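Below is the file protein37.tsv, which contains TSV, C-alpha atoms.
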chain	number	residue	atom	x	y	z
N	14	MET	CA	202.36	100.06	106.34
N	15	SER	CA	200.14	97.21	107.51
N	16	ASP	CA	198.55	94.83	104.99
N	17	ASP	CA	194.99	96.03	105.69
N	18	LEU	CA	195.81	99.72	105.08
N	19	LYS	CA	195.00	100.80	101.53
N	20	LYS	CA	197.08	103.92	100.98
N	21	GLY	CA	195.33	106.17	98.49
N	22	LEU	CA	192.26	103.88	98.72
N	23	GLU	CA	193.88	101.70	96.05
N	24	GLY	CA	191.64	98.78	95.17
N	25	VAL	CA	188.95	99.83	97.65
N	26	LEU	CA	185.36	99.66	96.39
N	27	VAL	CA	183.36	102.62	97.69
N	28	ALA	CA	180.38	102.76	95.33
N	29	GLU	CA	178.46	101.05	92.55
N	30	SER	CA	178.11	102.89	89.25
N	31	ASP	CA	176.41	102.41	85.89
N	32	LEU	CA	178.51	105.13	84.26
N	33	SER	CA	181.90	103.81	83.20
N	34	VAL	CA	184.19	100.85	83.67
N	35	ILE	CA	187.89	100.33	82.97
N	36	ASP	CA	189.66	97.03	82.30
N	37	GLY	CA	193.26	98.01	82.85
N	38	ASP	CA	194.67	94.64	81.84
N	39	VAL	CA	193.37	94.79	78.27
N	40	GLY	CA	193.08	98.58	77.87
N	41	LYS	CA	189.32	98.88	77.67
N	42	LEU	CA	187.13	101.85	78.61
N	43	VAL	CA	183.33	101.71	78.47
N	44	TYR	CA	180.67	104.38	79.05
N	45	ARG	CA	177.28	102.83	79.94
N	46	GLY	CA	178.01	99.71	77.89
N	47	TYR	CA	179.53	101.46	74.85
N	48	THR	CA	183.24	101.14	74.11
N	49	ILE	CA	185.22	104.35	73.97
N	50	GLU	CA	186.23	103.51	70.40
N	51	ASP	CA	182.60	103.38	69.23
N	52	LEU	CA	181.71	106.61	71.03
N	53	ALA	CA	184.83	108.50	69.93
N	54	ASN	CA	184.30	107.54	66.31
N	55	GLY	CA	180.52	107.77	66.17
N	56	ALA	CA	179.12	110.14	68.80
N	57	SER	CA	179.45	113.86	69.52
N	58	TYR	CA	180.32	115.22	72.94
N	59	GLU	CA	176.69	116.31	73.38
N	60	GLU	CA	175.54	112.76	72.65
N	61	VAL	CA	177.95	111.44	75.27
N	62	LEU	CA	176.77	114.00	77.80
N	63	TYR	CA	173.21	112.89	77.19
N	64	LEU	CA	174.24	109.25	77.57
N	65	LEU	CA	176.00	109.91	80.88
N	66	TRP	CA	173.25	112.12	82.29
N	67	HIS	CA	170.16	110.30	81.02
N	68	GLY	CA	171.27	106.67	80.66
N	69	HIS	CA	170.82	106.21	76.91
N	70	LEU	CA	171.99	107.68	73.64
N	71	PRO	CA	169.54	110.30	72.38
N	72	ASP	CA	167.48	110.00	69.23
N	73	ALA	CA	167.55	112.89	66.76
N	74	GLY	CA	164.75	114.81	68.49
N	75	GLU	CA	166.19	114.37	71.97
N	76	LEU	CA	169.63	115.44	70.76
N	77	ALA	CA	168.33	118.56	69.02
N	78	GLU	CA	166.45	119.64	72.15
N	79	PHE	CA	169.46	118.91	74.36
N	80	GLU	CA	171.86	120.80	72.10
N	81	SER	CA	169.49	123.78	72.11
N	82	GLU	CA	169.25	123.74	75.91
N	83	MET	CA	173.04	123.57	76.24
N	84	ALA	CA	173.66	126.35	73.73
N	85	ALA	CA	171.16	128.65	75.48
N	86	GLU	CA	173.21	128.46	78.69
N	87	ARG	CA	176.60	129.54	77.27
N	88	GLU	CA	176.53	133.20	78.24
N	89	VAL	CA	178.23	134.09	81.52
N	90	ASP	CA	176.89	136.85	83.79
N	91	ASP	CA	178.70	140.19	83.78
N	92	GLY	CA	179.69	139.86	87.43
N	93	VAL	CA	181.51	136.60	86.77
N	94	MET	CA	183.12	137.94	83.60
N	95	ALA	CA	184.40	140.96	85.52
N	96	THR	CA	186.14	138.60	87.92
N	97	VAL	CA	187.51	136.53	85.02
N	98	ARG	CA	188.95	139.71	83.54
N	99	GLU	CA	190.51	140.70	86.86
N	100	LEU	CA	192.08	137.26	87.26
N	101	ALA	CA	193.37	137.21	83.68
N	102	GLU	CA	194.92	140.67	83.99
N	103	ALA	CA	196.54	139.57	87.27
N	104	ASP	CA	198.03	136.59	85.40
N	105	GLU	CA	196.37	134.05	87.69
N	106	GLU	CA	196.96	130.36	87.00
N	107	PRO	CA	194.25	129.18	84.55
N	108	MET	CA	192.95	126.38	86.77
N	109	ALA	CA	192.81	128.67	89.80
N	110	ALA	CA	190.88	131.20	87.72
N	111	LEU	CA	188.47	128.50	86.53
N	112	ARG	CA	187.94	127.25	90.07
N	113	THR	CA	187.09	130.76	91.26
N	114	ALA	CA	184.78	131.51	88.35
N	115	VAL	CA	182.82	128.26	88.62
N	116	SER	CA	182.34	128.81	92.33
N	117	MET	CA	181.10	132.31	91.59
N	118	LEU	CA	178.59	131.04	89.01
N	119	SER	CA	176.47	129.68	91.84
N	120	ALA	CA	175.57	133.22	92.91
N	121	TYR	CA	173.81	133.72	89.58
N	122	ASP	CA	172.10	130.35	89.27
N	123	PRO	CA	168.31	130.72	88.93
N	124	ALA	CA	167.54	127.66	91.08
N	125	PRO	CA	165.84	128.64	94.36
N	126	GLU	CA	168.11	128.72	97.39
N	127	GLU	CA	165.87	126.26	99.20
N	128	ALA	CA	166.08	123.71	96.35
N	129	ASP	CA	166.32	120.12	97.51
N	130	PRO	CA	169.98	119.03	97.03
N	131	THR	CA	168.75	115.58	95.99
N	132	ASP	CA	166.37	116.90	93.29
N	133	GLU	CA	167.68	115.33	90.09
N	134	THR	CA	165.92	117.84	87.82
N	135	VAL	CA	167.48	120.79	89.64
N	136	ASN	CA	170.90	119.15	89.73
N	137	LEU	CA	170.85	118.29	86.04
N	138	ALA	CA	169.92	121.89	85.23
N	139	MET	CA	172.82	123.15	87.35
N	140	GLY	CA	175.15	120.66	85.70
N	141	ARG	CA	173.99	121.74	82.25
N	142	ARG	CA	174.61	125.39	83.06
N	143	ILE	CA	178.07	124.73	84.47
N	144	THR	CA	179.06	122.54	81.53
N	145	ALA	CA	177.83	125.10	79.00
N	146	LYS	CA	179.58	128.03	80.70
N	147	ILE	CA	183.03	126.56	81.39
N	148	PRO	CA	184.14	126.90	77.72
N	149	THR	CA	183.08	130.55	77.75
N	150	ILE	CA	185.10	131.17	80.90
N	151	VAL	CA	188.22	129.38	79.63
N	152	ALA	CA	188.15	131.10	76.24
N	153	ALA	CA	187.52	134.55	77.72
N	154	PHE	CA	190.28	134.15	80.31
N	155	THR	CA	192.77	133.09	77.63
N	156	ARG	CA	191.95	135.96	75.28
N	157	ILE	CA	191.93	138.65	77.98
N	158	ARG	CA	195.26	137.42	79.29
N	159	ASP	CA	196.65	137.67	75.76
N	160	GLY	CA	195.41	141.25	75.39
N	161	GLU	CA	192.34	140.45	73.28
N	162	ASP	CA	188.65	140.98	73.87
N	163	PRO	CA	186.45	137.97	74.68
N	164	VAL	CA	184.36	136.54	71.87
N	165	GLU	CA	180.66	136.06	72.60
N	166	PRO	CA	179.37	132.47	72.35
N	167	ARG	CA	177.17	131.45	69.46
N	168	GLU	CA	174.17	129.17	69.70
N	169	ASP	CA	174.42	127.91	66.11
N	170	LEU	CA	177.70	126.04	66.74
N	171	ASP	CA	178.13	122.79	68.62
N	172	HIS	CA	180.03	122.56	71.92
N	173	ALA	CA	183.45	121.91	70.39
N	174	GLU	CA	183.07	124.35	67.49
N	175	ASN	CA	181.86	127.12	69.76
N	176	PHE	CA	184.81	126.81	72.12
N	177	LEU	CA	187.37	126.98	69.29
N	178	TYR	CA	185.45	129.91	67.82
N	179	MET	CA	185.48	131.78	71.14
N	180	LEU	CA	189.16	130.96	71.64
N	181	ASN	CA	190.42	132.02	68.21
N	182	GLY	CA	187.78	134.45	66.99
N	183	GLU	CA	187.01	132.43	63.88
N	184	GLU	CA	185.12	129.27	63.09
N	185	PRO	CA	187.33	126.17	63.08
N	186	ASP	CA	187.58	123.99	60.00
N	187	ASP	CA	185.85	120.64	60.07
N	188	VAL	CA	189.01	118.69	60.88
N	189	LEU	CA	189.93	120.75	63.94
N	190	ALA	CA	186.35	120.73	65.20
N	191	ASP	CA	186.12	116.96	64.78
N	192	VAL	CA	189.43	116.30	66.54
N	193	PHE	CA	188.52	118.55	69.44
N	194	ASP	CA	185.05	117.05	69.79
N	195	GLN	CA	186.62	113.59	69.87
N	196	ALA	CA	189.07	114.69	72.56
N	197	LEU	CA	186.15	115.89	74.68
N	198	VAL	CA	184.43	112.52	74.28
N	199	LEU	CA	187.60	110.68	75.33
N	200	HIS	CA	187.99	112.71	78.52
N	201	ALA	CA	184.33	112.83	79.58
N	202	ASP	CA	184.46	110.11	82.24
N	203	HIS	CA	186.93	107.66	83.71
N	204	GLY	CA	185.61	105.81	86.73
N	205	LEU	CA	186.37	107.06	90.23
N	206	ASN	CA	189.44	109.11	89.40
N	207	ALA	CA	190.62	111.61	92.00
N	208	SER	CA	188.57	114.60	90.81
N	209	THR	CA	185.40	112.56	90.36
N	210	PHE	CA	185.79	111.10	93.83
N	211	ALA	CA	186.36	114.59	95.25
N	212	ALA	CA	183.10	115.72	93.65
N	213	MET	CA	181.29	112.72	95.14
N	214	VAL	CA	182.72	113.34	98.62
N	215	THR	CA	181.42	116.92	98.48
N	216	ALA	CA	178.04	115.82	97.13
N	217	SER	CA	177.71	113.18	99.84
N	218	THR	CA	177.42	115.99	102.41
N	219	LEU	CA	174.35	117.19	100.42
N	220	SER	CA	176.21	120.26	99.27
N	221	ASP	CA	175.23	121.68	95.87
N	222	VAL	CA	176.52	120.81	92.38
N	223	TYR	CA	178.60	124.00	92.17
N	224	SER	CA	180.48	123.04	95.33
N	225	SER	CA	181.04	119.53	93.99
N	226	VAL	CA	182.41	120.76	90.65
N	227	THR	CA	184.59	123.35	92.39
N	228	SER	CA	186.07	120.58	94.55
N	229	ALA	CA	186.70	118.52	91.44
N	230	ILE	CA	188.44	121.39	89.62
N	231	GLY	CA	190.76	121.93	92.58
N	232	THR	CA	191.62	118.24	92.52
N	233	LEU	CA	192.15	118.09	88.76
N	234	ALA	CA	194.62	120.98	88.98
N	235	GLY	CA	197.29	118.80	90.59
N	236	PRO	CA	200.16	117.58	88.38
N	237	LEU	CA	199.51	113.97	89.37
N	238	HIS	CA	196.04	114.22	87.80
N	239	GLY	CA	195.00	116.75	85.15
N	240	GLY	CA	198.25	118.70	84.96
N	241	ALA	CA	200.11	115.83	83.31
N	242	ASN	CA	199.26	116.75	79.70
N	243	GLN	CA	200.83	120.17	80.14
N	244	ASP	CA	203.95	118.48	81.53
N	245	VAL	CA	204.12	116.20	78.48
N	246	MET	CA	204.11	119.08	75.99
N	247	GLU	CA	206.68	121.02	77.96
N	248	MET	CA	208.84	117.89	77.91
N	249	LEU	CA	208.45	117.48	74.14
N	250	LYS	CA	209.36	121.13	73.62
N	251	GLU	CA	212.42	120.64	75.80
N	252	VAL	CA	213.49	117.72	73.61
N	253	ASP	CA	212.96	119.85	70.51
N	254	ASP	CA	214.81	122.84	71.94
N	255	ALA	CA	217.75	120.62	72.91
N	256	ASP	CA	218.15	119.70	69.22
N	257	GLN	CA	218.85	116.18	70.43
N	258	ASP	CA	217.68	112.81	69.18
N	259	PRO	CA	214.58	111.93	71.25
N	260	LEU	CA	216.02	108.52	72.06
N	261	ASP	CA	219.21	110.04	73.43
N	262	TRP	CA	217.23	112.65	75.34
N	263	VAL	CA	215.02	110.14	77.12
N	264	LYS	CA	218.02	107.93	77.95
N	265	ASP	CA	219.80	110.93	79.49
N	266	ALA	CA	216.68	112.00	81.38
N	267	LEU	CA	216.22	108.57	82.91
N	268	ALA	CA	219.91	108.35	83.79
N	269	GLU	CA	219.54	111.64	85.65
N	270	GLY	CA	216.59	110.23	87.61
N	271	ARG	CA	214.02	112.36	85.84
N	272	ARG	CA	210.46	111.21	85.29
N	273	VAL	CA	209.27	110.96	81.71
N	274	SER	CA	205.80	112.49	81.66
N	275	GLY	CA	202.79	110.74	80.16
N	276	PHE	CA	203.65	107.16	81.10
N	277	GLY	CA	202.09	104.80	83.59
N	278	HIS	CA	198.60	104.87	85.04
N	279	ARG	CA	196.99	103.90	88.31
N	280	VAL	CA	194.50	101.65	86.50
N	281	TYR	CA	195.92	100.68	83.09
N	282	ASN	CA	198.63	98.04	82.83
N	283	VAL	CA	198.72	98.38	79.04
N	284	LYS	CA	198.36	101.28	76.63
N	285	ASP	CA	195.49	103.62	77.46
N	286	PRO	CA	192.84	103.14	74.73
N	287	ARG	CA	192.35	106.90	74.60
N	288	ALA	CA	196.05	107.33	73.83
N	289	LYS	CA	195.68	105.03	70.82
N	290	ILE	CA	192.92	107.19	69.38
N	291	LEU	CA	194.61	110.52	70.07
N	292	GLY	CA	197.90	109.20	68.73
N	293	GLU	CA	196.19	108.62	65.39
N	294	ARG	CA	194.72	112.14	65.44
N	295	SER	CA	198.10	113.65	66.34
N	296	LYS	CA	199.55	111.92	63.29
N	297	GLU	CA	196.72	113.19	61.07
N	298	LEU	CA	197.23	116.76	62.23
N	299	GLY	CA	200.95	116.48	61.59
N	300	GLU	CA	200.37	115.15	58.09
N	301	ALA	CA	197.93	117.98	57.37
N	302	ALA	CA	200.50	120.53	58.57
N	303	GLY	CA	203.31	118.91	56.56
N	304	SER	CA	205.38	117.92	59.59
N	305	LEU	CA	205.28	114.75	61.67
N	306	LYS	CA	207.91	116.06	64.09
N	307	TRP	CA	205.79	115.89	67.26
N	308	TYR	CA	204.20	112.57	66.38
N	309	GLU	CA	207.49	110.89	65.48
N	310	MET	CA	209.17	112.27	68.58
N	311	SER	CA	206.34	110.87	70.68
N	312	THR	CA	206.39	107.43	69.09
N	313	THR	CA	210.16	107.19	69.52
N	314	ILE	CA	209.83	107.90	73.23
N	315	GLU	CA	206.85	105.55	73.53
N	316	GLU	CA	208.73	102.63	71.95
N	317	TYR	CA	211.76	103.11	74.17
N	318	MET	CA	209.72	103.36	77.36
N	319	ALA	CA	207.82	100.20	76.44
N	320	GLU	CA	210.97	98.21	75.67
N	321	GLU	CA	213.17	99.43	78.50
N	322	LYS	CA	210.73	100.26	81.29
N	323	GLY	CA	207.63	98.24	80.44
N	324	LEU	CA	205.53	101.41	80.62
N	325	ALA	CA	202.74	102.37	78.23
N	326	PRO	CA	201.52	105.90	77.47
N	327	ASN	CA	198.40	107.33	79.05
N	328	VAL	CA	195.91	109.72	77.48
N	329	ASP	CA	198.01	112.76	78.40
N	330	PHE	CA	200.93	111.63	76.25
N	331	TYR	CA	199.13	112.14	72.95
N	332	SER	CA	196.55	114.74	73.96
N	333	ALA	CA	199.51	117.08	74.47
N	334	SER	CA	200.80	117.05	70.89
N	335	THR	CA	197.24	116.93	69.54
N	336	TYR	CA	196.28	120.16	71.33
N	337	TYR	CA	199.60	121.81	70.50
N	338	GLN	CA	199.14	121.20	66.78
N	339	MET	CA	195.70	122.77	67.08
N	340	GLY	CA	197.32	125.96	68.35
N	341	ILE	CA	195.92	125.68	71.86
N	342	PRO	CA	198.07	127.34	74.56
N	343	ILE	CA	199.83	124.76	76.73
N	344	ASP	CA	198.69	126.15	80.06
N	345	ILE	CA	194.99	125.73	79.25
N	346	TYR	CA	195.27	121.99	78.53
N	347	THR	CA	194.08	121.19	82.05
N	348	PRO	CA	191.12	123.64	81.92
N	349	ILE	CA	190.13	121.90	78.67
N	350	PHE	CA	190.32	118.60	80.55
N	351	ALA	CA	187.90	120.10	83.08
N	352	MET	CA	185.71	121.34	80.25
N	353	SER	CA	185.17	117.73	79.22
N	354	ARG	CA	185.32	115.87	82.54
N	355	VAL	CA	182.65	118.08	84.10
N	356	GLY	CA	180.17	115.86	82.27
N	357	GLY	CA	181.39	112.86	84.24
N	358	TRP	CA	181.55	114.81	87.50
N	359	VAL	CA	177.92	115.84	87.19
N	360	ALA	CA	176.83	112.33	86.25
N	361	HIS	CA	178.59	110.73	89.22
N	362	VAL	CA	177.27	113.33	91.65
N	363	ILE	CA	173.69	112.75	90.53
N	364	GLU	CA	174.11	108.98	90.56
N	365	TYR	CA	175.69	108.88	94.00
N	366	ILE	CA	173.13	111.01	95.80
N	367	GLU	CA	170.30	108.82	94.50
N	368	ASP	CA	171.34	106.43	97.26
N	369	ASN	CA	173.47	108.77	99.30
N	370	ARG	CA	175.63	107.95	102.27
N	371	LEU	CA	178.08	110.44	103.73
N	372	ILE	CA	181.60	109.46	102.65
N	373	ARG	CA	183.56	109.29	105.87
N	374	PRO	CA	186.60	106.97	105.91
N	375	ARG	CA	188.79	106.49	108.96
N	376	ALA	CA	192.52	106.67	109.60
N	377	ARG	CA	194.63	104.48	111.86
N	378	TYR	CA	196.00	106.66	114.65
N	379	THR	CA	199.80	106.49	114.98
N	380	GLY	CA	200.35	109.46	117.33
N	381	PRO	CA	201.48	109.60	120.98
N	382	ASP	CA	199.84	107.35	123.56
N	383	PRO	CA	197.46	109.45	125.69
N	384	ASP	CA	198.38	107.30	128.71
N	385	GLU	CA	201.95	108.51	128.32
N	386	THR	CA	201.17	112.14	127.51
N	387	THR	CA	200.68	114.73	130.25
N	388	PHE	CA	199.03	118.05	129.54
N	389	VAL	CA	201.05	121.03	130.78
N	390	PRO	CA	199.27	124.39	131.30
N	391	LEU	CA	200.45	127.26	129.15
N	392	ASP	CA	202.16	129.16	131.98
N	393	GLU	CA	204.23	126.07	132.84
N	394	ARG	CA	205.44	125.20	129.35
Please render this file's structure as C-alpha cells.
Amino acid sequence: MSDDLKKGLEGVLVAESDLSVIDGDVGKLVYRGYTIEDLANGASYEEVLYLLWHGHLPDAGELAEFESEMAAEREVDDGVMATVRELAEADEEPMAALRTAVSMLSAYDPAPEEADPTDETVNLAMGRRITAKIPTIVAAFTRIRDGEDPVEPREDLDHAENFLYMLNGEEPDDVLADVFDQALVLHADHGLNASTFAAMVTASTLSDVYSSVTSAIGTLAGPLHGGANQDVMEMLKEVDDADQDPLDWVKDALAEGRRVSGFGHRVYNVKDPRAKILGERSKELGEAAGSLKWYEMSTTIEEYMAEEKGLAPNVDFYSASTYYQMGIPIDIYTPIFAMSRVGGWVAHVIEYIEDNRLIRPRARYTGPDPDETTFVPLDER
C-alpha cells in the first residue's frame, strides 16, 4: 500500500463539525463543548438530544416542550407494527428487523413528498419522529419474539423510562432508569464513526433522513462497530460457563489466537472515558444485586490486557455487563446502541447538508492495463 493511500480513510479530514470531538491520547469526549462526564452525570438523554440538534442545552421551558413533542411521536403505525410482528415471528435478526422497520416508517411520515431535503425544520421533525419510534419498535420486536404482546408507549415517562416500561411491562425503578438514561447519553454521538459517516454519505446525495438513518443502522450492525457489546457479553458468559479463573481463560484465549472482545479502539489510545463511567455503574448494579461477579470478571480481564497487551477497554466492554445486569436480552444490545446513536446521526446529517457537497472519494485503479487487454466477442470466448 502506497504512503498516500489512507485505507479506511484513517486520519483523513472530510468535514468540519461543531457536534463532538475526541482526544484519543487523553481519553476525552466532548459534545458541543461539554465533557461527557458532565453530561452523563448532569443531563438527561432528552437534554443531550436538544443540545446536539439545537446547539445549546435547553432551559426548563424548552426541555418541557421538547419532551412533550418527543413523547407525542412514540406510537408506531399499524402497518409498520404488522411488519415488526412478522419479522419477530420469523426470528429475524434484531438489527435487520430494525433496519426494515425504520425504512418502512418513511411511508407513514406526514412530511409532504415534495419537501425540500435541505429544509432543517422538516429534517428535524423527521429525526424526532424516528428517534421517538425506534424504542417502540425494539421493545415490540423483543416482546413479540418472546411470545408476549407489545406494550403501548406512555407519554408521561421519559425516553429511558418508557423504553424499559415497554420492554418489561412495568415501570423501572429509579436506579435502572437512571443507569439506562446515562447509557443513552454516553452513546449519543462519537465523531465520524462508521455509521455516522454512512448517514452523511447518504445525506450528501440529498436523500431523505429515513434513508440516511437506514444506512447508518445497516452500518452499525457489523461486529466491528455496534455488534461488539454483544460479543463482549457472550465472551463473559463463556468465561463463566467454563468455571475457569478469568485470568486463566484470557491467557488461554490469547494463546489460541482468539480476540478478546471490547479492547482497542480506532481513536482512543487510552481507556475510553465512557467505559470508565459504565464500569462504575456496572459495579453499582452488581452491589445492588448482591453479586459483583460480572464486574470483577471484567476488571480482572481489563487489568491483564492493559499489562500484557497495552490495550484499554472501549465502551462496549462495560456496557455489556451493565445491560446484562439490567435484564436486557443480549441480542438487542446493538439495537439499543442505535436507539441512542440516532440522535448523533440526525445531528450530523442536518449539519452536513447545511453546506452540502456530494461525498465522492476515488480509488487507485490496480486492475489490468487496457493497452494489454483485448476484448473477445462472446461467440469467440
Next on the checklist: At a cut-off of 9 Å, using all atoms listed in the file, what residues contact Gly357 in chain N? Leave out same-chain residues fewer than 6 positions from it and give the result as a VMD selection string.
Outcome noted: chain N and resid 32 62 65 to 66 200 to 204 209
Item to check | Counting all atoms listed in the file, the option among N:Ser274, N:Ser353, N:Ser81, N:Thr155 closest to Pro236 in chain N | outcome: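 Smallest separation from Pro236 in chain N among the options: N:Ser274.
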Checklist entry - Interatomic distance between CA of Glu315 in chain N and CA of Ser208 in chain N? => result 26.7 Å
Checklist entry - Residues at most 9 Å from range 243-252 of chain N, counting all atoms listed in the file, excluding those fewer than 2 positions away in the same chain, as a PyMOL selection string? => result chain N and resi 236+239-241+254-259+262-263+273-275+307+310-311+329-334+337+343-347
Item to check | CA of Gly323 in chain N to CA of Tyr308 in chain N, distance in Å rounded to a single decimal | outcome: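 Computing it gives 20.4 Å between the two atoms.
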Checklist entry - When distances are computed from only C-alpha atoms, which of N:Ile157, N:Ala73, N:Trp358, N:Glu127 shows the smallest separation from Leu100 in chain N? => result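 Under the stated criterion, the closest residue is N:Ile157.
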Item to check | Contacts of range 86-98 of chain N at 7 Å (only C-alpha atoms; same-chain gap of 5+ positions) as number ranges by chain | outcome: N: 110, 114, 117-118, 142, 145-146, 149, 154, 157, 166
For C-alpha atoms, I'd like the residues from the last selection saved as a PDB file, keeping the file's coordinate frame.
ATOM      1  CA  ALA N 110     190.880 131.200  87.720  1.00  0.00           C
ATOM      2  CA  ALA N 114     184.780 131.510  88.350  1.00  0.00           C
ATOM      3  CA  MET N 117     181.100 132.310  91.590  1.00  0.00           C
ATOM      4  CA  LEU N 118     178.590 131.040  89.010  1.00  0.00           C
ATOM      5  CA  ARG N 142     174.610 125.390  83.060  1.00  0.00           C
ATOM      6  CA  ALA N 145     177.830 125.100  79.000  1.00  0.00           C
ATOM      7  CA  LYS N 146     179.580 128.030  80.700  1.00  0.00           C
ATOM      8  CA  THR N 149     183.080 130.550  77.750  1.00  0.00           C
ATOM      9  CA  PHE N 154     190.280 134.150  80.310  1.00  0.00           C
ATOM     10  CA  ILE N 157     191.930 138.650  77.980  1.00  0.00           C
ATOM     11  CA  PRO N 166     179.370 132.470  72.350  1.00  0.00           C
TER      12      PRO N 166
END
